[in-house]
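structure36.pdb, holding PDB, C-alpha atoms:
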```pdb
ATOM      1  CA  MET A  16     131.935  27.920  33.650
ATOM      2  CA  VAL A  17     130.847  25.367  31.056
ATOM      3  CA  LYS A  18     128.145  26.589  28.690
ATOM      4  CA  THR A  19     125.486  23.905  29.002
ATOM      5  CA  TRP A  20     122.240  25.485  27.763
ATOM      6  CA  TRP A  21     120.888  27.030  24.587
ATOM      7  CA  GLU A  22     118.928  30.233  25.039
ATOM      8  CA  LEU A  23     116.632  30.885  22.079
ATOM      9  CA  GLN A  24     115.190  34.363  21.519
ATOM     10  CA  ILE A  25     112.253  34.762  19.138
ATOM     11  CA  LEU A  26     110.883  38.246  18.423
ATOM     12  CA  CYS A  27     107.429  37.919  16.897
ATOM     13  CA  GLU A  28     104.008  39.479  16.407
ATOM     14  CA  PRO A  29     101.691  39.074  19.457
ATOM     15  CA  GLU A  30      99.365  36.813  17.435
ATOM     16  CA  LEU A  31     102.218  34.317  17.021
ATOM     17  CA  GLU A  32     103.057  34.008  20.725
ATOM     18  CA  ASP A  33     101.049  30.837  21.421
ATOM     19  CA  SER A  34     102.273  29.233  18.213
ATOM     20  CA  VAL A  35     105.896  29.940  19.191
ATOM     21  CA  PHE A  36     105.315  28.493  22.688
ATOM     22  CA  TRP A  37     103.843  25.346  21.152
ATOM     23  CA  ARG A  38     106.703  24.997  18.689
ATOM     24  CA  LEU A  39     109.335  25.442  21.434
ATOM     25  CA  GLY A  40     107.576  22.888  23.618
ATOM     26  CA  SER A  41     107.467  20.383  20.765
ATOM     27  CA  PHE A  42     111.141  21.054  20.095
ATOM     28  CA  GLY A  43     111.975  20.077  23.670
ATOM     29  CA  CYS A  44     112.533  23.377  25.472
ATOM     30  CA  ARG A  45     112.618  22.890  29.255
ATOM     31  CA  GLY A  46     111.532  26.429  30.079
ATOM     32  CA  THR A  47     109.916  29.327  28.247
ATOM     33  CA  ALA A  48     109.058  32.942  29.066
ATOM     34  CA  SER A  49     107.843  35.991  27.192
ATOM     35  CA  GLU A  50     107.793  39.777  27.549
ATOM     36  CA  LYS A  51     106.523  42.707  25.533
ATOM     37  CA  LYS A  52     109.010  44.574  23.358
ATOM     38  CA  GLY A  53     107.193  47.581  21.952
ATOM     39  CA  ASN A  54     104.490  46.235  19.667
ATOM     40  CA  GLN A  55     106.072  42.784  19.545
ATOM     41  CA  ILE A  56     106.629  39.845  21.879
ATOM     42  CA  LEU A  57     110.038  38.432  22.804
ATOM     43  CA  VAL A  58     109.814  34.723  23.609
ATOM     44  CA  ARG A  59     112.743  32.965  25.264
ATOM     45  CA  GLY A  60     113.225  29.208  25.295
ATOM     46  CA  TYR A  61     115.858  27.086  27.024
ATOM     47  CA  LEU A  62     117.103  23.570  26.351
ATOM     48  CA  PRO A  63     120.238  21.531  27.168
ATOM     49  CA  VAL A  64     123.062  21.908  24.686
ATOM     50  CA  PHE A  65     123.251  18.134  24.085
ATOM     51  CA  GLN A  66     119.639  18.151  22.915
ATOM     52  CA  ALA A  67     120.158  20.241  19.775
ATOM     53  CA  GLN A  68     122.894  20.846  17.231
ATOM     54  CA  LEU A  69     123.173  23.957  15.075
ATOM     55  CA  LEU A  70     121.385  22.159  12.248
ATOM     56  CA  ASP A  71     118.475  21.428  14.593
ATOM     57  CA  LEU A  72     118.256  25.101  15.538
ATOM     58  CA  ALA A  73     118.298  26.076  11.874
ATOM     59  CA  ALA A  74     115.400  23.668  11.265
ATOM     60  CA  LEU A  75     113.497  25.186  14.185
ATOM     61  CA  SER A  76     114.055  28.627  12.697
ATOM     62  CA  LEU A  77     112.591  27.415   9.403
ATOM     63  CA  TRP A  78     109.528  25.906  11.124
ATOM     64  CA  LEU A  79     108.878  29.135  13.027
ATOM     65  CA  ARG A  80     109.030  31.123   9.804
ATOM     66  CA  GLN A  81     106.717  28.649   8.055
ATOM     67  CA  ASP A  82     104.234  28.871  10.947
ATOM     68  CA  ALA A  83     104.174  32.653  10.542
ATOM     69  CA  LEU A  84     103.655  32.439   6.786
ATOM     70  CA  CYS A  85     100.773  29.981   7.254
ATOM     71  CA  MET A  86      99.119  32.519   9.546
ATOM     72  CA  GLU A  87      99.897  35.321   7.074
ATOM     73  CA  MET A  88     102.081  37.078   9.629
ATOM     74  CA  ALA A  89     105.533  38.624   9.354
ATOM     75  CA  PRO A  90     108.233  36.004  10.012
ATOM     76  CA  PRO A  91     109.818  36.204  13.471
ATOM     77  CA  THR A  92     113.444  37.112  14.171
ATOM     78  CA  ILE A  93     115.352  34.258  15.809
ATOM     79  CA  HIS A  94     118.653  34.337  17.724
ATOM     80  CA  TRP A  95     120.365  31.759  19.916
ATOM     81  CA  GLN A  96     123.309  31.672  22.280
ATOM     82  CA  LEU A  97     124.981  29.329  24.756
ATOM     83  CA  ILE A  98     124.647  30.124  28.457
ATOM     84  CA  ASP A  99     125.720  28.347  31.647
ATOM     85  CA  GLU A 100     123.588  26.460  34.156
ATOM     86  CA  GLN A 101     123.351  29.332  36.611
ATOM     87  CA  ASP A 102     122.258  31.778  33.919
ATOM     88  CA  TRP A 103     119.579  29.377  32.736
ATOM     89  CA  ALA A 104     118.213  28.898  36.238
ATOM     90  CA  SER A 105     117.590  32.609  36.707
ATOM     91  CA  SER A 106     117.186  34.041  33.193
ATOM     92  CA  TRP A 107     113.570  33.140  32.452
ATOM     93  CA  LYS A 108     112.272  33.754  35.979
ATOM     94  CA  GLN A 109     112.706  37.515  35.821
ATOM     95  CA  TYR A 110     110.104  37.695  33.039
ATOM     96  CA  TRP A 111     107.429  35.588  34.746
ATOM     97  CA  LEU A 112     105.064  37.730  36.829
ATOM     98  CA  PRO A 113     102.005  36.926  38.985
ATOM     99  CA  GLN A 114      99.004  36.284  36.755
ATOM    100  CA  GLU A 115      95.255  36.131  37.310
ATOM    101  CA  ILE A 116      93.487  33.301  35.481
ATOM    102  CA  GLY A 117      89.750  32.879  35.212
ATOM    103  CA  ASP A 118      87.523  34.193  37.994
ATOM    104  CA  ARG A 119      89.313  32.595  40.912
ATOM    105  CA  PHE A 120      92.994  31.796  40.374
ATOM    106  CA  LEU A 121      96.166  33.793  40.909
ATOM    107  CA  ILE A 122      99.383  32.105  39.782
ATOM    108  CA  ASN A 123     102.147  33.412  42.039
ATOM    109  CA  PRO A 124     105.785  32.579  41.178
ATOM    110  CA  ALA A 125     107.464  31.088  44.232
ATOM    111  CA  TRP A 126     110.114  33.826  44.316
ATOM    112  CA  TYR A 127     107.463  36.560  44.702
ATOM    113  CA  PRO A 128     105.877  37.359  48.095
ATOM    114  CA  THR A 129     102.399  35.919  48.541
ATOM    115  CA  PRO A 130      99.710  38.642  48.356
ATOM    116  CA  GLU A 131      98.067  39.168  51.737
ATOM    117  CA  ASN A 132      94.696  40.591  50.756
ATOM    118  CA  SER A 133      93.845  38.702  47.574
ATOM    119  CA  ASP A 134      90.387  37.129  47.342
ATOM    120  CA  ARG A 135      91.673  34.675  44.744
ATOM    121  CA  ILE A 136      92.890  31.099  45.118
ATOM    122  CA  ILE A 137      96.668  31.443  45.078
ATOM    123  CA  ILE A 138      98.776  28.762  43.411
ATOM    124  CA  ARG A 139     102.432  29.172  44.359
ATOM    125  CA  LEU A 140     104.537  27.737  41.575
ATOM    126  CA  ASP A 141     108.110  27.039  40.578
ATOM    127  CA  PRO A 142     107.843  24.958  37.401
ATOM    128  CA  GLY A 143     111.586  24.318  37.156
ATOM    129  CA  MET A 144     112.019  22.618  33.795
ATOM    130  CA  ALA A 145     108.443  21.302  33.570
ATOM    131  CA  PHE A 146     105.596  22.613  31.415
ATOM    132  CA  GLY A 147     102.899  24.630  33.138
ATOM    133  CA  THR A 148     103.415  28.200  34.314
ATOM    134  CA  GLY A 149      99.929  29.448  33.520
ATOM    135  CA  ASN A 150     101.197  31.557  30.613
ATOM    136  CA  HIS A 151     100.062  29.179  27.905
ATOM    137  CA  ALA A 152      96.513  29.333  26.565
ATOM    138  CA  THR A 153      95.943  25.604  27.100
ATOM    139  CA  THR A 154      96.864  25.782  30.804
ATOM    140  CA  GLN A 155      94.546  28.761  31.239
ATOM    141  CA  LEU A 156      91.676  26.971  29.503
ATOM    142  CA  CYS A 157      92.156  23.907  31.716
ATOM    143  CA  LEU A 158      92.176  25.950  34.927
ATOM    144  CA  GLU A 159      89.052  27.819  33.836
ATOM    145  CA  SER A 160      87.404  24.486  33.017
ATOM    146  CA  LEU A 161      88.296  23.166  36.465
ATOM    147  CA  GLU A 162      86.671  26.249  37.984
ATOM    148  CA  MET A 163      83.486  25.402  36.115
ATOM    149  CA  ARG A 164      83.572  21.694  36.935
ATOM    150  CA  LEU A 165      84.493  21.905  40.605
ATOM    151  CA  SER A 166      82.189  24.782  41.468
ATOM    152  CA  ASP A 167      79.165  22.672  40.524
ATOM    153  CA  SER A 168      78.543  19.746  42.827
ATOM    154  CA  LEU A 169      76.331  18.119  40.198
ATOM    155  CA  LEU A 170      79.369  17.792  37.955
ATOM    156  CA  SER A 171      81.695  16.750  40.804
ATOM    157  CA  PRO A 172      79.779  14.032  42.634
ATOM    158  CA  PRO A 173      80.844  13.362  46.235
ATOM    159  CA  THR A 174      83.250  10.495  46.724
ATOM    160  CA  GLY A 175      83.465   8.793  50.074
ATOM    161  CA  GLU A 176      82.656  10.335  53.426
ATOM    162  CA  GLN A 177      84.720  13.478  52.936
ATOM    163  CA  GLY A 178      83.169  14.410  49.594
ATOM    164  CA  GLY A 179      85.046  15.968  46.706
ATOM    165  CA  ALA A 180      86.121  14.540  43.381
ATOM    166  CA  VAL A 181      88.957  12.102  42.751
ATOM    167  CA  ILE A 182      90.834  13.141  39.611
ATOM    168  CA  ALA A 183      93.575  11.792  37.342
ATOM    169  CA  ASP A 184      96.016  14.337  35.869
ATOM    170  CA  ILE A 185      97.658  12.743  32.835
ATOM    171  CA  GLY A 186     100.847  14.604  31.851
ATOM    172  CA  CYS A 187     100.945  16.716  35.005
ATOM    173  CA  GLY A 188     103.979  18.880  34.100
ATOM    174  CA  SER A 189     104.544  21.353  36.939
ATOM    175  CA  GLY A 190     101.466  20.064  38.775
ATOM    176  CA  ILE A 191      99.568  23.310  38.234
ATOM    177  CA  LEU A 192      96.286  21.603  37.264
ATOM    178  CA  SER A 193      96.486  19.045  40.080
ATOM    179  CA  ILE A 194      97.133  21.757  42.649
ATOM    180  CA  GLY A 195      94.408  23.970  41.184
ATOM    181  CA  ALA A 196      91.914  21.109  41.433
ATOM    182  CA  LEU A 197      92.816  20.390  45.059
ATOM    183  CA  LEU A 198      92.602  24.056  46.050
ATOM    184  CA  LEU A 199      89.134  24.138  44.444
ATOM    185  CA  GLY A 200      88.052  21.292  46.711
ATOM    186  CA  ALA A 201      88.928  18.022  44.950
ATOM    187  CA  LYS A 202      89.442  15.198  47.424
ATOM    188  CA  GLN A 203      92.476  13.603  45.750
ATOM    189  CA  VAL A 204      94.494  13.739  42.542
ATOM    190  CA  TYR A 205      96.603  11.017  40.932
ATOM    191  CA  ALA A 206      99.193  12.795  38.774
ATOM    192  CA  VAL A 207     101.506  11.088  36.286
ATOM    193  CA  ASP A 208     104.082  12.274  33.772
ATOM    194  CA  THR A 209     106.646  10.414  31.695
ATOM    195  CA  ASP A 210     109.230  13.148  32.395
ATOM    196  CA  PRO A 211     111.030  12.628  35.742
ATOM    197  CA  LEU A 212     111.686  16.384  35.928
ATOM    198  CA  ALA A 213     107.925  16.998  35.820
ATOM    199  CA  VAL A 214     107.362  14.505  38.641
ATOM    200  CA  GLN A 215     109.995  16.274  40.721
ATOM    201  CA  SER A 216     108.479  19.678  39.932
ATOM    202  CA  THR A 217     104.973  18.543  40.916
ATOM    203  CA  GLN A 218     106.261  17.136  44.214
ATOM    204  CA  GLU A 219     108.064  20.385  45.005
ATOM    205  CA  ASN A 220     105.041  22.531  44.129
ATOM    206  CA  LEU A 221     102.857  20.314  46.300
ATOM    207  CA  LEU A 222     105.007  21.321  49.280
ATOM    208  CA  LEU A 223     105.032  24.993  48.238
ATOM    209  CA  ASN A 224     101.238  25.021  48.475
ATOM    210  CA  GLY A 225     101.040  23.132  51.767
ATOM    211  CA  ILE A 226      99.136  20.196  50.285
ATOM    212  CA  ASP A 227      99.150  16.839  52.062
ATOM    213  CA  LYS A 228     101.079  14.206  50.090
ATOM    214  CA  GLU A 229      98.183  11.778  50.502
ATOM    215  CA  ARG A 230      95.938  14.129  48.521
ATOM    216  CA  LEU A 231      98.328  14.391  45.570
ATOM    217  CA  VAL A 232      99.837  11.074  44.532
ATOM    218  CA  VAL A 233     102.599  11.648  41.954
ATOM    219  CA  ALA A 234     104.369   9.025  39.862
ATOM    220  CA  GLN A 235     106.471   8.747  36.728
ATOM    221  CA  GLY A 236     104.666   7.094  33.846
ATOM    222  CA  SER A 237     101.448   7.317  31.886
ATOM    223  CA  VAL A 238      97.857   6.091  32.217
ATOM    224  CA  ASP A 239      98.961   2.518  32.900
ATOM    225  CA  VAL A 240     100.840   3.681  35.995
ATOM    226  CA  ALA A 241      97.873   5.757  37.169
ATOM    227  CA  ALA A 242      95.624   2.713  36.748
ATOM    228  CA  LYS A 243      97.842   0.687  39.092
ATOM    229  CA  LEU A 244      97.776   3.441  41.728
ATOM    230  CA  LEU A 245      93.985   3.886  41.677
ATOM    231  CA  THR A 246      91.778   2.011  44.100
ATOM    232  CA  ALA A 247      88.623   2.899  42.113
ATOM    233  CA  PRO A 248      87.681   4.683  38.881
ATOM    234  CA  VAL A 249      88.042   8.474  38.957
ATOM    235  CA  ASP A 250      85.387  11.186  38.862
ATOM    236  CA  GLY A 251      87.353  13.365  36.457
ATOM    237  CA  ILE A 252      90.354  13.403  34.134
ATOM    238  CA  VAL A 253      92.472  16.395  33.145
ATOM    239  CA  CYS A 254      94.933  15.988  30.302
ATOM    240  CA  ASN A 255      96.876  18.881  28.773
ATOM    241  CA  ILE A 256      99.274  17.255  26.332
ATOM    242  CA  LEU A 257      99.585  16.985  22.550
ATOM    243  CA  ALA A 258      96.552  15.976  20.484
ATOM    244  CA  ASP A 259      98.200  12.907  18.966
ATOM    245  CA  VAL A 260      99.064  11.576  22.427
ATOM    246  CA  ILE A 261      95.525  12.228  23.697
ATOM    247  CA  ILE A 262      94.103  10.249  20.758
ATOM    248  CA  GLU A 263      96.450   7.361  21.544
ATOM    249  CA  LEU A 264      95.603   7.349  25.263
ATOM    250  CA  VAL A 265      91.808   7.818  25.092
ATOM    251  CA  PRO A 266      91.010   4.051  25.397
ATOM    252  CA  GLN A 267      93.248   3.736  28.474
ATOM    253  CA  MET A 268      91.835   6.890  30.051
ATOM    254  CA  SER A 269      88.300   5.668  29.409
ATOM    255  CA  ALA A 270      89.119   2.474  31.296
ATOM    256  CA  ILE A 271      89.873   4.375  34.539
ATOM    257  CA  ALA A 272      86.721   6.524  34.342
ATOM    258  CA  LYS A 273      83.300   6.036  35.942
ATOM    259  CA  PRO A 274      80.091   6.007  33.874
ATOM    260  CA  SER A 275      79.476   9.500  35.318
ATOM    261  CA  SER A 276      83.018  10.865  34.843
ATOM    262  CA  TRP A 277      83.934  14.137  33.163
ATOM    263  CA  GLY A 278      87.097  15.092  31.297
ATOM    264  CA  ILE A 279      89.087  18.193  30.393
ATOM    265  CA  PHE A 280      91.357  17.754  27.371
ATOM    266  CA  SER A 281      93.646  20.417  25.928
ATOM    267  CA  GLY A 282      96.989  20.883  24.214
ATOM    268  CA  ILE A 283      94.861  20.709  21.070
ATOM    269  CA  LEU A 284      95.084  23.042  18.100
ATOM    270  CA  VAL A 285      91.669  24.074  16.780
ATOM    271  CA  GLU A 286      92.242  22.192  13.522
ATOM    272  CA  GLN A 287      92.988  19.021  15.537
ATOM    273  CA  SER A 288      89.813  19.230  17.626
ATOM    274  CA  LYS A 289      87.610  17.124  15.323
ATOM    275  CA  ALA A 290      90.026  14.187  15.337
ATOM    276  CA  VAL A 291      90.235  14.279  19.139
ATOM    277  CA  ALA A 292      86.462  14.693  19.538
ATOM    278  CA  ASP A 293      85.777  11.799  17.148
ATOM    279  CA  THR A 294      88.096   9.512  19.118
ATOM    280  CA  LEU A 295      86.498  10.515  22.425
ATOM    281  CA  GLU A 296      82.997   9.869  21.069
ATOM    282  CA  LYS A 297      84.013   6.444  19.756
ATOM    283  CA  ASN A 298      85.126   5.613  23.298
ATOM    284  CA  GLY A 299      81.917   6.638  25.028
ATOM    285  CA  TRP A 300      82.403  10.356  25.702
ATOM    286  CA  VAL A 301      80.200  13.299  24.731
ATOM    287  CA  VAL A 302      81.728  16.701  24.000
ATOM    288  CA  ALA A 303      79.790  19.208  26.113
ATOM    289  CA  THR A 304      81.716  22.369  25.221
ATOM    290  CA  LEU A 305      84.693  23.421  23.123
ATOM    291  CA  TRP A 306      86.483  26.513  24.422
ATOM    292  CA  LYS A 307      88.902  28.374  22.140
ATOM    293  CA  ARG A 308      91.733  30.772  22.804
ATOM    294  CA  LYS A 309      93.605  31.924  19.709
ATOM    295  CA  GLU A 310      94.585  28.767  17.810
ATOM    296  CA  TRP A 311      94.171  26.476  20.856
ATOM    297  CA  CYS A 312      91.104  24.770  22.257
ATOM    298  CA  CYS A 313      89.937  22.777  25.258
ATOM    299  CA  LEU A 314      87.318  20.014  25.139
ATOM    300  CA  ASN A 315      85.041  19.629  28.161
ATOM    301  CA  VAL A 316      83.516  16.172  27.941
ATOM    302  CA  ARG A 317      81.426  13.717  29.950
ATOM    303  CA  ARG A 318      80.741  10.012  29.748
ATOM    304  CA  SER A 319      77.719   9.038  27.688
TER     305      SER A 319
END
```
Give the structure from this file in structure tokens form.
Amino acid sequence: MVKTWWELQILCEPELEDSVFWRLGSFGCRGTASEKKGNQILVRGYLPVFQAQLLDLAALSLWLRQDALCMEMAPPTIHWQLIDEQDWASSWKQYWLPQEIGDRFLINPAWYPTPENSDRIIIRLDPGMAFGTGNHATTQLCLESLEMRLSDSLLSPPTGEQGGAVIADIGCGSGILSIGALLLGAKQVYAVDTDPLAVQSTQENLLLNGIDKERLVVAQGSVDVAAKLLTAPVDGIVCNILADVIIELVPQMSAIAKPSSWGIFSGILVEQSKAVADTLEKNGWVVATLWKRKEWCCLNVRRS
């Protein structure tokens, strides 16, 4: 069988795990997973062979080592190998286990049986090659923020006769935030992503969770596409992508928001938070809270 995927293995200190995930995501990995190895963490990343040459992998290795040195940590050990399509499809899944997030969510991989007696909101998920398994700190912060926003009717004003918030999910990835919002009681979500694989993943996870297609409208593209799909401004915006992209898209996202809208923005390193917050404030938003987890943060904002 033709070897079509790179499998990257990074053995690192636990404090470096989120940094390694971020670096692999920026590098273009289509799937990531981690497991404990003694006192260390083994992170695996997967990407198509055509996407990286050996020189690219060597550069990635250098960046990972530099990241560790900047954090005054021991440099990670990095290995890579070529695997086939079938190996890729199953390799990372064996390391991804059900995970509780916040006070209410349980992320349940689609290949695990659904718990019968759980009092949590269960999100069944198969991310495929899209970002968003619930493992990353930014996804966790966004889900916890949604819990806070959608459990308070004052922050989620009723929309229409059925009540519930209408939300835009910009950069939806696997659809985990859209589905979480709907299971918390949102009326409708408009989800967009520039990656066609993410759109496909969100559509598949919608079906896994038994959600009506009319409640989760999914399309390939960015804020401009969402704006064309919307019939009215949204009550809330969730956006878990890179800080530079958030800064670029803030004016467009502001244009689809109500005067009373709220926003949840993550994918932001702590040292990038001021630049993002400044841009949001210049466009009529007020930062209500900044939640941190390791080197990542999440901005909970509202319109001023």
key: Pick from A:Ser189, A:Ile122, A:Asn150, A:Leu223 nearest to Glu50 in chain A, counting all atoms listed in the file   = A:Asn150
ask   = So what does the PyMOL selection byres ((chain A and resi 86) around 12) actually pick up in this one, as a PyMOL selection string?
value = chain A and resi 28+30-32+34+79-85+87-91+309-310
Given the PyMOL selection byres ((chain A and resi 290) around 12) and the file above, list the residues it selects as a tab-separated table (two decimals) with C-alpha atoms, in the coordinates of the input.
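Produced file part02.tsv, reproduced below:
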```
chain	number	residue	atom	x	y	z
A	258	ALA	CA	96.55	15.98	20.48
A	259	ASP	CA	98.20	12.91	18.97
A	260	VAL	CA	99.06	11.58	22.43
A	261	ILE	CA	95.52	12.23	23.70
A	262	ILE	CA	94.10	10.25	20.76
A	263	GLU	CA	96.45	7.36	21.54
A	265	VAL	CA	91.81	7.82	25.09
A	283	ILE	CA	94.86	20.71	21.07
A	284	LEU	CA	95.08	23.04	18.10
A	285	VAL	CA	91.67	24.07	16.78
A	286	GLU	CA	92.24	22.19	13.52
A	287	GLN	CA	92.99	19.02	15.54
A	288	SER	CA	89.81	19.23	17.63
A	289	LYS	CA	87.61	17.12	15.32
A	291	VAL	CA	90.24	14.28	19.14
A	292	ALA	CA	86.46	14.69	19.54
A	293	ASP	CA	85.78	11.80	17.15
A	294	THR	CA	88.10	9.51	19.12
A	295	LEU	CA	86.50	10.52	22.42
A	296	GLU	CA	83.00	9.87	21.07
A	297	LYS	CA	84.01	6.44	19.76
A	314	LEU	CA	87.32	20.01	25.14
```
ask   = To one decimal place, how far is CA of Ser160 in chain A from CA of Lys273 in chain A in Å?
value =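 Atom-to-atom, CA of Ser160 in chain A to CA of Lys273 in chain A, that is 19.1 Å.
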Residues in the PyMOL selection byres ((chain A and resi 306) around 12), expressed as a ChimeraX atom specification = /A:152-153,155-160,279-285,288,302-305,307-316
Neighbours of point (102.4, 13.5, 37.2) within 12 Å, using all atoms listed in the file, written as a PyMOL selection string = chain A and resi 145-147+182-194+204-221+231-238+240-241+244+253-256
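Shortest separation to Ser166 in chain A among A:Ala201, A:Gln96, A:Ser269, A:Asn123 occurs at residue A:Ala201, atoms counted being all atoms listed in the file.
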request  = To one decimal in Å, tell me the separation between CA of Pro274 in chain A and CA of Leu165 in chain A.
outcome  = 17.8 Å
Report as JSON lines: every residue of range 71-126 of chain A with an atom at most 7 Å from range 19-26 of chain A, its closest pair of atoms, and their distance in Å to one decimal, counting all atoms listed in the file, with rows sorted by chain and ascending residue number.
```
{"residue": "A:Pro91", "atom": "CA", "partner": "A:Leu26", "partner_atom": "CA", "distance": 5.5}
{"residue": "A:Thr92", "atom": "CA", "partner": "A:Leu26", "partner_atom": "CA", "distance": 5.1}
{"residue": "A:Ile93", "atom": "CA", "partner": "A:Ile25", "partner_atom": "CA", "distance": 4.6}
{"residue": "A:His94", "atom": "CA", "partner": "A:Gln24", "partner_atom": "CA", "distance": 5.1}
{"residue": "A:Trp95", "atom": "CA", "partner": "A:Leu23", "partner_atom": "CA", "distance": 4.4}
{"residue": "A:Gln96", "atom": "CA", "partner": "A:Glu22", "partner_atom": "CA", "distance": 5.4}
{"residue": "A:Leu97", "atom": "CA", "partner": "A:Trp21", "partner_atom": "CA", "distance": 4.7}
{"residue": "A:Ile98", "atom": "CA", "partner": "A:Trp20", "partner_atom": "CA", "distance": 5.3}
{"residue": "A:Asp99", "atom": "CA", "partner": "A:Thr19", "partner_atom": "CA", "distance": 5.2}
{"residue": "A:Glu100", "atom": "CA", "partner": "A:Thr19", "partner_atom": "CA", "distance": 6.1}
{"residue": "A:Trp103", "atom": "CA", "partner": "A:Trp20", "partner_atom": "CA", "distance": 6.9}
```
inquiry  = One decimal, in Å: what's the spacing between CA of Gln66 in chain A and CA of Gly43 in chain A?
reply    =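 Between CA of Gln66 in chain A and CA of Gly43 in chain A the gap works out to 7.9 Å.
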request  = Would you please work out which residue, of A:Pro266, A:Gly40, A:Gly179, A:Gly46, is nearest to Val249 in chain A when using all atoms listed in the file?
outcome  =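 Comparing A:Pro266, A:Gly40, A:Gly179, A:Gly46 against Val249 in chain A, the winner is A:Gly179.
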query = Taking all atoms listed in the file into account, which of A:Arg317, A:Arg59, A:Arg38, A:Lys51 comes nearest Leu77 in chain A?
reply =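 Selected residue with least distance to Leu77 in chain A: A:Arg38.
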